[in-house]
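**Student:** My structure file upload-v2.txt, compact mmCIF, C-alpha atoms and all ligand atoms, is below:
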```
# COMPACT_ATOMS: atom_id res chain seq x y z
CA MET A 23 33.13 -60.65 13.43
CA LYS A 24 32.65 -57.30 11.85
CA ILE A 25 31.79 -53.76 12.88
CA VAL A 26 28.39 -52.66 11.64
CA GLU A 27 26.58 -49.36 11.87
CA LEU A 28 23.48 -49.71 14.05
CA THR A 29 21.28 -48.34 11.27
CA ARG A 30 22.27 -51.35 9.12
CA ILE A 31 21.83 -54.10 11.70
CA GLN A 32 19.60 -57.00 10.67
CA PRO A 33 17.31 -58.01 13.57
CA GLY A 34 18.64 -61.18 15.18
CA ALA A 35 22.30 -60.36 14.49
CA ILE A 36 24.57 -61.78 17.20
CA LEU A 37 26.67 -59.36 19.24
CA ALA A 38 30.36 -60.32 18.95
CA LYS A 39 31.79 -58.08 21.72
CA SER A 40 30.17 -57.12 24.99
CA ILE A 41 29.02 -53.52 25.34
CA PHE A 42 29.82 -51.69 28.54
CA THR A 43 28.40 -48.66 30.25
CA ALA A 44 30.60 -45.69 31.06
CA ASN A 45 31.53 -47.09 34.45
CA GLY A 46 32.44 -50.51 33.11
CA ARG A 47 29.25 -52.47 33.81
CA THR A 48 28.06 -54.87 31.14
CA LEU A 49 25.18 -53.43 29.18
CA LEU A 50 24.81 -56.23 26.61
CA LYS A 51 26.77 -59.43 26.72
CA LYS A 52 28.61 -60.92 23.77
CA GLY A 53 26.44 -63.62 22.15
CA VAL A 54 23.14 -61.83 22.66
CA SER A 55 20.75 -61.60 19.72
CA LEU A 56 20.14 -57.96 18.80
CA SER A 57 16.39 -57.35 18.67
CA SER A 58 15.12 -54.15 17.11
CA SER A 59 14.33 -52.79 20.59
CA TYR A 60 17.97 -53.33 21.67
CA VAL A 61 19.13 -51.54 18.55
CA THR A 62 16.81 -48.58 19.19
CA ARG A 63 17.95 -48.42 22.81
CA LEU A 64 21.63 -48.40 21.80
CA GLU A 65 20.96 -45.67 19.25
CA ASP A 66 19.17 -43.61 21.89
CA MET A 67 22.18 -44.01 24.15
CA GLY A 68 24.41 -42.54 21.46
CA PHE A 69 26.10 -45.71 20.16
CA ARG A 70 26.78 -45.78 16.46
CA TYR A 71 28.57 -49.09 15.76
CA VAL A 72 28.57 -52.59 17.21
CA TYR A 73 30.55 -55.78 16.62
CA VAL A 74 28.42 -58.60 15.21
CA GLU A 75 29.12 -62.22 14.30
CA ASP A 76 29.21 -62.90 10.60
CA ALA A 77 29.92 -66.15 8.72
CA ALA A 78 32.27 -64.63 6.15
CA THR A 79 34.40 -62.92 8.81
CA ALA A 80 34.17 -65.59 11.52
CA ASP A 81 37.97 -65.93 11.80
CA ILE A 82 38.54 -62.26 12.46
CA GLN A 83 39.36 -61.46 16.06
CA GLY A 84 40.27 -58.11 17.52
CA GLU A 85 42.35 -58.08 20.69
CA ASP A 86 41.88 -54.99 22.79
CA SER A 87 44.87 -53.32 24.40
CA ILE A 88 43.01 -53.68 27.68
CA PRO A 89 41.08 -56.89 28.40
CA ASP A 90 37.49 -56.61 29.64
CA GLU A 91 38.25 -57.54 33.28
CA ILE A 92 40.90 -54.84 33.69
CA ARG A 93 38.76 -52.32 31.83
CA GLN A 94 35.87 -53.01 34.20
CA GLU A 95 38.04 -52.69 37.29
CA VAL A 96 39.69 -49.47 36.09
CA LEU A 97 36.41 -47.84 35.08
CA GLY A 98 34.65 -48.98 38.26
CA ARG A 99 37.42 -47.59 40.48
CA LEU A 100 37.58 -44.34 38.52
CA GLU A 101 33.84 -43.96 38.98
CA ALA A 102 34.14 -44.57 42.73
CA THR A 103 36.93 -41.97 42.94
CA PHE A 104 34.89 -39.38 41.05
CA GLN A 105 31.88 -40.10 43.23
CA LYS A 106 33.97 -39.40 46.34
CA LEU A 107 35.15 -36.16 44.76
CA GLN A 108 31.60 -35.13 43.97
CA ALA A 109 30.32 -35.74 47.53
CA PRO A 110 29.90 -32.62 49.73
CA ASP A 111 33.40 -31.33 50.56
CA GLY A 112 34.71 -34.31 48.56
CA ILE A 113 37.29 -32.34 46.59
CA GLN A 114 38.79 -30.78 49.71
CA THR A 115 38.83 -34.07 51.61
CA MET A 116 40.33 -36.13 48.79
CA VAL A 117 42.83 -33.45 47.76
CA ASN A 118 44.02 -32.38 51.20
CA SER A 119 44.44 -35.94 52.46
CA GLY A 120 46.39 -36.97 49.36
CA ASP A 121 43.89 -39.83 48.90
CA LEU A 122 43.24 -38.74 45.32
CA GLY A 123 46.86 -39.11 44.23
CA ARG A 124 47.26 -42.44 46.01
CA GLU A 125 44.12 -43.87 44.46
CA VAL A 126 44.75 -42.73 40.89
CA LEU A 127 48.32 -44.01 40.99
CA SER A 128 47.08 -47.40 42.10
CA ILE A 129 44.40 -47.42 39.35
CA TYR A 130 46.93 -46.42 36.72
CA ARG A 131 49.26 -49.26 37.74
CA LEU A 132 46.59 -51.76 36.68
CA LEU A 133 46.87 -50.36 33.16
CA TYR A 134 50.66 -50.03 33.21
CA ASN A 135 51.29 -53.55 34.50
CA HIS A 136 49.12 -55.03 31.81
CA LEU A 137 50.57 -52.97 28.95
CA ALA A 138 54.20 -53.35 30.02
CA GLY A 139 53.57 -57.06 30.69
CA THR A 140 52.31 -57.82 27.19
CA GLY A 141 55.25 -55.95 25.67
CA THR A 142 52.98 -54.73 22.91
CA MET A 143 53.78 -51.51 21.13
CA MET A 144 50.43 -51.19 19.44
CA VAL A 145 47.31 -49.51 20.75
CA ASN A 146 44.09 -51.26 19.84
CA LEU A 147 41.10 -49.53 21.30
CA SER A 148 38.24 -51.27 19.59
CA ALA A 149 36.34 -50.35 22.72
CA LEU A 150 35.99 -47.03 21.01
CA TYR A 151 32.93 -48.71 19.58
CA SER A 152 31.77 -50.57 22.63
CA SER A 153 31.38 -48.02 25.33
CA ASP A 154 29.48 -44.78 25.52
CA ALA A 155 31.49 -41.61 25.78
CA HIS A 156 32.22 -40.62 29.29
CA THR A 157 34.89 -39.14 31.45
CA TYR A 158 36.12 -42.47 32.81
CA THR A 159 36.53 -44.11 29.43
CA HIS A 160 38.26 -40.98 28.15
CA CYS A 161 40.65 -41.02 31.14
CA MET A 162 41.50 -44.64 30.50
CA ASN A 163 41.92 -44.39 26.73
CA VAL A 164 44.18 -41.36 26.91
CA ALA A 165 46.27 -43.05 29.60
CA VAL A 166 46.61 -46.21 27.46
CA MET A 167 47.73 -44.25 24.39
CA ALA A 168 50.13 -42.06 26.38
CA THR A 169 51.65 -45.16 27.99
CA ILE A 170 52.33 -46.90 24.68
CA LEU A 171 53.70 -43.72 23.12
CA GLY A 172 55.90 -43.16 26.18
CA LEU A 173 57.21 -46.73 26.05
CA ALA A 174 57.79 -46.39 22.31
CA HIS A 175 59.86 -43.25 22.93
CA GLY A 176 62.04 -45.20 25.34
CA TYR A 177 60.90 -43.47 28.53
CA SER A 178 61.84 -45.19 31.79
CA LYS A 179 59.16 -46.94 33.84
CA GLU A 180 59.12 -43.97 36.26
CA LEU A 181 58.65 -41.47 33.45
CA VAL A 182 55.93 -43.52 31.77
CA GLU A 183 54.13 -43.76 35.08
CA GLU A 184 54.23 -39.98 35.57
CA LEU A 185 53.04 -39.44 32.04
CA GLY A 186 50.33 -42.11 32.29
CA VAL A 187 48.86 -40.81 35.54
CA GLY A 188 49.05 -37.26 34.17
CA ALA A 189 47.22 -38.43 31.05
CA MET A 190 44.59 -40.29 33.06
CA MET A 191 43.94 -37.20 35.20
CA HIS A 192 44.54 -34.42 32.67
CA ASP A 193 40.92 -33.24 32.75
CA ILE A 194 40.43 -33.57 36.52
CA GLY A 195 39.91 -29.79 36.74
CA LYS A 196 36.55 -30.25 34.99
CA ILE A 197 35.22 -31.56 38.28
CA GLU A 198 35.00 -27.92 39.37
CA ILE A 199 33.25 -26.65 36.21
CA SER A 200 29.46 -26.65 35.93
CA PRO A 201 28.18 -29.72 34.01
CA ALA A 202 25.61 -27.46 32.34
CA ILE A 203 28.48 -25.71 30.54
CA LEU A 204 30.55 -28.84 29.87
CA ASN A 205 27.60 -30.68 28.33
CA LYS A 206 26.01 -27.75 26.55
CA PRO A 207 25.02 -28.93 23.06
CA ASP A 208 25.12 -25.41 21.56
CA LYS A 209 28.05 -23.13 20.92
CA LEU A 210 29.52 -21.72 24.11
CA THR A 211 29.40 -17.99 24.79
CA GLU A 212 32.73 -16.24 25.29
CA LEU A 213 32.22 -16.25 29.05
CA GLU A 214 31.35 -19.95 29.11
CA TYR A 215 34.41 -20.81 27.03
CA ALA A 216 36.59 -18.83 29.42
CA GLU A 217 35.07 -20.87 32.23
CA VAL A 218 35.84 -24.19 30.46
CA LYS A 219 39.44 -23.11 29.89
CA ARG A 220 39.88 -22.79 33.66
CA HIS A 221 39.95 -26.60 33.95
CA THR A 222 43.65 -26.63 33.05
CA ARG A 223 44.71 -24.46 36.00
CA LEU A 224 42.19 -26.06 38.35
CA GLY A 225 43.51 -29.52 37.46
CA HIS A 226 47.08 -28.36 37.97
CA ASP A 227 46.16 -27.03 41.43
CA ILE A 228 44.55 -30.32 42.41
CA LEU A 229 47.31 -32.61 41.16
CA ARG A 230 50.28 -30.64 42.43
CA LYS A 231 48.95 -31.04 45.97
CA GLN A 232 49.20 -34.84 45.77
CA PRO A 233 52.33 -36.10 47.55
CA ASP A 234 52.18 -39.42 45.66
CA LEU A 235 52.29 -37.73 42.26
CA LEU A 236 55.32 -36.09 40.73
CA PRO A 237 55.03 -32.50 39.43
CA SER A 238 54.92 -33.58 35.77
CA CYS A 239 51.47 -35.13 36.33
CA ALA A 240 50.15 -31.68 37.18
CA ILE A 241 52.01 -30.27 34.15
CA CYS A 242 49.96 -32.55 31.86
CA ALA A 243 46.77 -31.02 33.25
CA LEU A 244 48.09 -27.48 32.94
CA TYR A 245 49.40 -27.62 29.37
CA HIS A 246 47.36 -30.24 27.48
CA HIS A 247 45.50 -27.53 25.52
CA GLU A 248 48.62 -25.69 24.38
CA TRP A 249 49.00 -25.78 20.59
CA TYR A 250 52.27 -26.29 18.78
CA ASP A 251 51.95 -22.94 16.95
CA GLY A 252 51.32 -21.04 20.18
CA SER A 253 47.58 -20.53 19.75
CA GLY A 254 46.46 -22.74 22.63
CA TYR A 255 45.83 -22.04 26.29
CA PRO A 256 46.37 -21.28 29.15
CA GLU A 257 49.72 -19.63 28.39
CA GLY A 258 50.05 -19.73 24.59
CA LEU A 259 53.33 -21.67 24.80
CA LYS A 260 54.88 -22.60 21.47
CA GLY A 261 56.74 -25.59 19.97
CA ASP A 262 59.39 -27.05 22.25
CA GLY A 263 58.39 -24.47 24.86
CA ILE A 264 55.44 -26.77 25.63
CA PRO A 265 56.56 -29.55 28.00
CA GLU A 266 57.12 -32.79 26.09
CA PHE A 267 54.55 -34.75 28.14
CA ALA A 268 51.86 -32.23 27.23
CA ARG A 269 52.78 -32.35 23.53
CA LEU A 270 52.61 -36.14 23.56
CA MET A 271 49.31 -36.48 25.33
CA ALA A 272 47.62 -33.66 23.39
CA VAL A 273 47.61 -36.03 20.41
CA ALA A 274 45.99 -38.83 22.41
CA ASP A 275 43.51 -36.47 24.04
CA VAL A 276 42.20 -35.00 20.79
CA TYR A 277 42.05 -38.38 19.06
CA ASP A 278 39.99 -39.88 21.85
CA ALA A 279 37.73 -36.82 22.01
CA LEU A 280 37.03 -37.00 18.27
CA THR A 281 36.29 -40.72 18.31
CA ALA A 282 33.86 -40.46 21.24
CA ASN A 283 30.25 -39.35 21.18
CA ARG A 284 29.77 -35.80 22.35
CA PRO A 285 26.58 -33.97 23.26
CA TYR A 286 26.99 -31.87 20.12
CA ARG A 287 28.09 -34.49 17.56
CA ASP A 288 28.45 -38.20 16.77
CA ALA A 289 31.68 -40.10 17.18
CA TRP A 290 34.11 -40.05 14.25
CA LEU A 291 35.69 -43.17 12.84
CA PRO A 292 39.29 -43.47 14.07
CA SER A 293 40.69 -43.17 10.54
CA ASP A 294 38.69 -39.98 9.92
CA ALA A 295 39.91 -38.54 13.22
CA LEU A 296 43.50 -39.27 12.25
CA GLU A 297 43.08 -37.71 8.83
CA PHE A 298 41.69 -34.56 10.43
CA MET A 299 44.60 -34.49 12.86
CA PHE A 300 47.14 -34.74 10.02
CA THR A 301 45.86 -31.43 8.72
CA ARG A 302 46.70 -29.88 12.06
CA THR A 303 50.27 -31.12 12.39
CA TYR A 304 52.58 -28.17 13.19
CA LYS A 305 49.50 -26.04 13.95
CA GLN A 306 48.09 -27.99 16.88
CA PHE A 307 50.34 -31.04 17.13
CA ASP A 308 54.04 -31.74 17.37
CA PRO A 309 55.04 -33.64 14.18
CA ILE A 310 57.22 -35.98 16.23
CA PHE A 311 54.28 -37.25 18.24
CA MET A 312 51.95 -37.33 15.24
CA ARG A 313 54.46 -39.66 13.59
CA SER A 314 54.60 -41.97 16.59
CA PHE A 315 50.84 -41.88 16.87
CA VAL A 316 50.50 -43.20 13.31
CA LYS A 317 53.09 -45.84 14.04
CA TYR A 318 51.62 -47.19 17.26
CA VAL A 319 47.90 -46.45 17.39
CA ASN A 320 45.85 -48.70 15.17
CA VAL A 321 43.07 -46.74 13.48
CA TYR A 322 41.92 -49.74 11.44
CA PRO A 323 40.48 -52.18 13.99
CA PRO A 324 39.88 -55.76 12.81
CA GLY A 325 36.28 -56.13 11.70
CA LEU A 326 36.01 -52.61 10.22
CA THR A 327 34.25 -52.57 6.84
CA VAL A 328 36.35 -50.98 4.11
CA ARG A 329 35.97 -50.12 0.43
CA LEU A 330 39.18 -50.12 -1.60
CA SER A 331 40.22 -48.09 -4.62
CA ASN A 332 40.42 -51.28 -6.77
CA LYS A 333 36.62 -51.72 -6.39
CA ALA A 334 37.05 -54.54 -3.89
CA SER A 335 35.50 -54.34 -0.46
CA GLY A 336 35.62 -56.34 2.73
CA VAL A 337 36.72 -55.99 6.32
CA VAL A 338 40.03 -55.36 8.08
CA ALA A 339 41.39 -58.83 8.91
CA ARG A 340 44.41 -57.91 11.05
CA PRO A 341 46.85 -55.07 11.45
CA ASN A 342 50.22 -55.03 9.77
CA GLU A 343 52.39 -54.24 12.77
CA LYS A 344 55.12 -52.78 10.56
CA ASN A 345 52.69 -50.34 8.98
CA LEU A 346 49.40 -49.80 10.76
CA MET A 347 48.14 -47.61 7.93
CA ARG A 348 48.25 -50.64 5.57
CA PRO A 349 46.33 -53.49 7.24
CA TYR A 350 45.45 -56.89 5.76
CA ILE A 351 41.94 -56.89 4.28
CA LEU A 352 39.62 -59.86 3.93
CA VAL A 353 38.03 -59.13 0.58
CA THR A 354 34.45 -60.40 0.33
CA GLU A 355 33.18 -58.47 -2.71
CA GLU A 356 34.50 -57.22 -6.02
CA ASP A 357 32.53 -54.75 -8.12
CA GLY A 358 29.64 -55.23 -5.70
CA GLN A 359 29.52 -59.00 -6.32
CA PRO A 360 30.31 -61.54 -3.56
CA VAL A 361 33.56 -63.49 -4.11
CA ILE A 362 35.20 -66.36 -2.24
CA PRO A 363 36.84 -64.40 0.60
CA TYR A 364 40.61 -63.90 0.28
CA GLU A 365 43.19 -61.88 2.18
CA PHE A 366 44.64 -58.80 0.50
CA ASP A 367 47.84 -57.21 1.77
CA LEU A 368 47.67 -53.43 1.45
CA ALA A 369 51.38 -53.12 2.38
CA SER A 370 52.35 -55.10 -0.74
CA ASN A 371 49.88 -53.28 -2.97
CA LEU A 372 50.78 -49.65 -2.47
CA ASN A 373 48.75 -48.58 -5.52
CA VAL A 374 45.54 -49.58 -3.71
CA THR A 375 44.12 -47.32 -1.03
CA ILE A 376 41.27 -47.44 1.46
CA LEU A 377 38.58 -45.16 0.08
CA HIS A 378 35.90 -45.54 2.68
CA CYS A 379 35.42 -47.11 6.11
CA GLY A 380 32.47 -48.10 8.22
CA GLY A 381 29.90 -49.52 5.79
FE FE A 401 40.99 -30.73 28.63
```
Please, can you express the file's structure as structure tokens?
Ligand SMILES: [Fe+2]
**Tutor:**
Amino acid sequence: MKIVELTRIQPGAILAKSIFTANGRTLLKKGVSLSSSYVTRLEDMGFRYVYVEDAATADIQGEDSIPDEIRQEVLGRLEATFQKLQAPDGIQTMVNSGDLGREVLSIYRLLYNHLAGTGTMMVNLSALYSSDAHTYTHCMNVAVMATILGLAHGYSKELVEELGVGAMMHDIGKIEISPAILNKPDKLTELEYAEVKRHTRLGHDILRKQPDLLPSCAICALYHHEWYDGSGYPEGLKGDGIPEFARLMAVADVYDALTANRPYRDAWLPSDALEFMFTRTYKQFDPIFMRSFVKYVNVYPPGLTVRLSNKASGVVARPNEKNLMRPYILVTEEDGQPVIPYEFDLASNLNVTILHCGG
């Protein structure tokens, strides 16, 4: 299979990975033939890439960090929780009863049990391409990345759980901000931006009232927009003065935001998002967590089309777990001419670089 931009899809191409809606329902099932009306519909919905079957790359498989069944359950339950919150008096009822904390902890454990059970230390979120951008997917992705980074840093199960739930719920305060402002496609006015910033304190207030959640969950919500150089909000904390959990999950939060569709721009490719984030190490991000991010989050999903500096091109075949920045490439063309496909190891050919991704 390979990842293809929707604008380049040949009618009749076979979908290689199911596409889900924001709440985890199946939109198009794996194996379906992509008619031009499907393609147009997906484009209208804001999708940019899909996985398609392809003879030359038939052996390439991409395992997601979270299998489809768990993804669907997590997203479905998150949606149900948010719907309860959005009902009249829902926030008060859910917050005062402690139901919110109980429910999100139980949802998070589905993710934790799977990730800890597989023992993997690599985040593969190819679903970045197979779901539209929405709160629930964002909650789940950030929680998955924070969990792996927490495990990689040797945190105890209890600490990872606090961090993971905090990551999953870091933006919960947005529930009290007007959607018209949150989804505004144009630049926000100063007043509107001040309103958006309130979501950190609002989230903190909600989470700290949950008896089932430890205080550090609420700390994630409060400080996830603090910047390493002190120019973030709400308090302008600096460097190690920002709680470690918040520094860790800020990396995951921004990465997932950049790689998702937003009302005001298209999704970025994971590798482009990472490159952008590198330029903001020390400014926005703690270098320690940027380093672990590079080590554990795979920004080159199998199936991604790449062009190399040696004039060869092909698709990512599989990650190199020792160095995620240097995956194995299945080369299918040289100098623009098809060749018998062969695997090329970027880790053993350090003079060759990936010039371009995504077709
Ligand atoms: Fe936020």
**Student:** So which one's closest to Ser293 in chain A, A:Ala243, A:Gly186, A:Ile376, A:Asn371? Using all atoms listed in the file, please.
**Tutor:** A:Ile376
**Student:** Residues near Ala216 in chain A, anyone? I mean within 12 Å using only C-alpha atoms, not counting same-chain ones fewer than 3 positions away, as a list in words.
**Tutor:**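 Once the nearby chain positions are removed, what remains is Ile199, Ile203, Leu204, Leu210, Thr211, Glu212, Leu213, Lys219, Arg220, His221, Thr222, Arg223, Tyr255 and Pro256 of chain A.
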**Student:** Compute the set of protein, DNA and RNA residues whose minimum atom distance to ligand FE 401 (chain A) is at most 10 Å, using all atoms listed in the file, and state it as JSON, numbers by chain.
**Tutor:** {"A": [191, 192, 193, 194, 195, 196, 218, 219, 220, 221, 222, 225, 242, 243, 244, 245, 246, 247, 272, 275, 276, 279]}
**Student:** With distances taken over all atoms listed in the file, which of A:Gln32, A:Val182, A:Glu198, A:Ser58 is nearest to Gln108 in chain A?
**Tutor:**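 Smallest separation from Gln108 in chain A among the options: A:Glu198.
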**Student:** Considering all atoms listed in the file, state which residue in the set A:Val337, A:Glu248, A:Met312, A:Val145 is at the smallest distance from Val164 in chain A.
**Tutor:**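 Checking each of A:Val337, A:Glu248, A:Met312, A:Val145 against Val164 in chain A, counting all atoms listed in the file, the winner is A:Val145.
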**Student:** Determine the nearest neighbour of Glu95 in chain A from the options A:Lys24, A:Lys209, A:Arg131, A:His160, counting all atoms listed in the file.
**Tutor:**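 Nearest candidate to Glu95 in chain A out of A:Lys24, A:Lys209, A:Arg131, A:His160: A:Arg131.
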**Student:** Could you name the residues that touch Tyr158 in chain A at 8 Å or less, counting only C-alpha atoms, but leaving out those on the same chain fewer than 6 positions away, as a list in words?
**Tutor:**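 Listing them by chain and then by number gives Ala44, Asn45, Leu97, Leu100 and Glu101 of chain A.
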**Student:** I'd like the interatomic distance between CA of Lys305 in chain A and CA of Leu173 in chain A, to a tenth of an Å.
**Tutor:**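 Computing it gives 25.2 Å between the two atoms.
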**Student:** If you count only C-alpha atoms, which residues fall within 6 Å of Met190 in chain A, apart from same-chain ones fewer than 5 positions away, as an MDAnalysis selection string?
**Tutor:** chainID A and resid 161:162 165
**Student:** Can you pull out every residue within 12 Å of Leu235 in chain A, counting all atoms listed in the file, but drop anything in the same chain fewer than 2 positions away, and send it as JSON, numbers by chain?
**Tutor:** {"A": [117, 120, 121, 122, 123, 124, 125, 126, 127, 128, 130, 180, 181, 183, 184, 185, 186, 187, 188, 191, 226, 228, 229, 230, 231, 232, 233, 237, 238, 239, 240, 241, 242]}
**Student:** Write to file, as a PDB file, keeping the file's coordinate frame, the residues of the selection just made, with C-alpha atoms.
**Tutor:**
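Produced file selection00.pdb, reproduced below:
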```pdb
ATOM      1  CA  VAL A 117      42.830 -33.450  47.760  1.00  0.00           C
ATOM      2  CA  GLY A 120      46.390 -36.970  49.360  1.00  0.00           C
ATOM      3  CA  ASP A 121      43.890 -39.830  48.900  1.00  0.00           C
ATOM      4  CA  LEU A 122      43.240 -38.740  45.320  1.00  0.00           C
ATOM      5  CA  GLY A 123      46.860 -39.110  44.230  1.00  0.00           C
ATOM      6  CA  ARG A 124      47.260 -42.440  46.010  1.00  0.00           C
ATOM      7  CA  GLU A 125      44.120 -43.870  44.460  1.00  0.00           C
ATOM      8  CA  VAL A 126      44.750 -42.730  40.890  1.00  0.00           C
ATOM      9  CA  LEU A 127      48.320 -44.010  40.990  1.00  0.00           C
ATOM     10  CA  SER A 128      47.080 -47.400  42.100  1.00  0.00           C
ATOM     11  CA  TYR A 130      46.930 -46.420  36.720  1.00  0.00           C
ATOM     12  CA  GLU A 180      59.120 -43.970  36.260  1.00  0.00           C
ATOM     13  CA  LEU A 181      58.650 -41.470  33.450  1.00  0.00           C
ATOM     14  CA  GLU A 183      54.130 -43.760  35.080  1.00  0.00           C
ATOM     15  CA  GLU A 184      54.230 -39.980  35.570  1.00  0.00           C
ATOM     16  CA  LEU A 185      53.040 -39.440  32.040  1.00  0.00           C
ATOM     17  CA  GLY A 186      50.330 -42.110  32.290  1.00  0.00           C
ATOM     18  CA  VAL A 187      48.860 -40.810  35.540  1.00  0.00           C
ATOM     19  CA  GLY A 188      49.050 -37.260  34.170  1.00  0.00           C
ATOM     20  CA  MET A 191      43.940 -37.200  35.200  1.00  0.00           C
ATOM     21  CA  HIS A 226      47.080 -28.360  37.970  1.00  0.00           C
ATOM     22  CA  ILE A 228      44.550 -30.320  42.410  1.00  0.00           C
ATOM     23  CA  LEU A 229      47.310 -32.610  41.160  1.00  0.00           C
ATOM     24  CA  ARG A 230      50.280 -30.640  42.430  1.00  0.00           C
ATOM     25  CA  LYS A 231      48.950 -31.040  45.970  1.00  0.00           C
ATOM     26  CA  GLN A 232      49.200 -34.840  45.770  1.00  0.00           C
ATOM     27  CA  PRO A 233      52.330 -36.100  47.550  1.00  0.00           C
ATOM     28  CA  PRO A 237      55.030 -32.500  39.430  1.00  0.00           C
ATOM     29  CA  SER A 238      54.920 -33.580  35.770  1.00  0.00           C
ATOM     30  CA  CYS A 239      51.470 -35.130  36.330  1.00  0.00           C
ATOM     31  CA  ALA A 240      50.150 -31.680  37.180  1.00  0.00           C
ATOM     32  CA  ILE A 241      52.010 -30.270  34.150  1.00  0.00           C
ATOM     33  CA  CYS A 242      49.960 -32.550  31.860  1.00  0.00           C
TER      34      CYS A 242
END
```
**Student:** Pick the closest to Ile197 in chain A from A:Lys260, A:Lys39, A:His175, A:Lys106: which is it, counting all atoms listed in the file?
**Tutor:**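 The closest residue to Ile197 in chain A is A:Lys106.
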**Student:** If you measure from CA of Met144 in chain A to CA of Asn345 in chain A, what distance in Å do you get, rounded to one decimal?
**Tutor:** 10.7 Å
**Student:** Report the distance between CA of Leu270 in chain A and CA of Ile170 in chain A in Å, rounded to one decimal place.
**Tutor:**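 Interatomic distance, CA of Leu270 in chain A to CA of Ile170 in chain A: 10.8 Å.
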**Student:** Which residue, A:Glu266, A:Leu49, A:Gly380, A:Asp111, has the smallest gap to Leu28 in chain A when you use all atoms listed in the file?
**Tutor:**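 Among A:Glu266, A:Leu49, A:Gly380, A:Asp111, it is A:Gly380 that comes nearest to Leu28 in chain A.
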**Student:** Residues within 12 Å of Asp251 in chain A, please, as an MDAnalysis selection string. Count all atoms listed in the file; anything in the same chain fewer than 6 positions from it doesn't count.
**Tutor:** chainID A and resid 258:264 269 302:309
**Student:** Return the padded bounding box of range 334-350 of chain A as lines of an AutoDock Vina configuration file: axis-aligned, built from all atoms listed in the file, 8 Å added on each side, with centre and edge lengths in Å to one decimal.
**Tutor:**
```
center_x = 45.3
center_y = -53.2
center_z = 4.4
size_x = 35.6
size_y = 27.2
size_z = 32.7
```
**Student:** For a quick check of your reading of the model, name the residues lying within 10 Å of the coordinate (30.3, -60.0, 11.5), counting only C-alpha atoms, and write them as a PyMOL selection string.
**Tutor:** chain A and resi 23-26+35-38+72-82+325-327+337
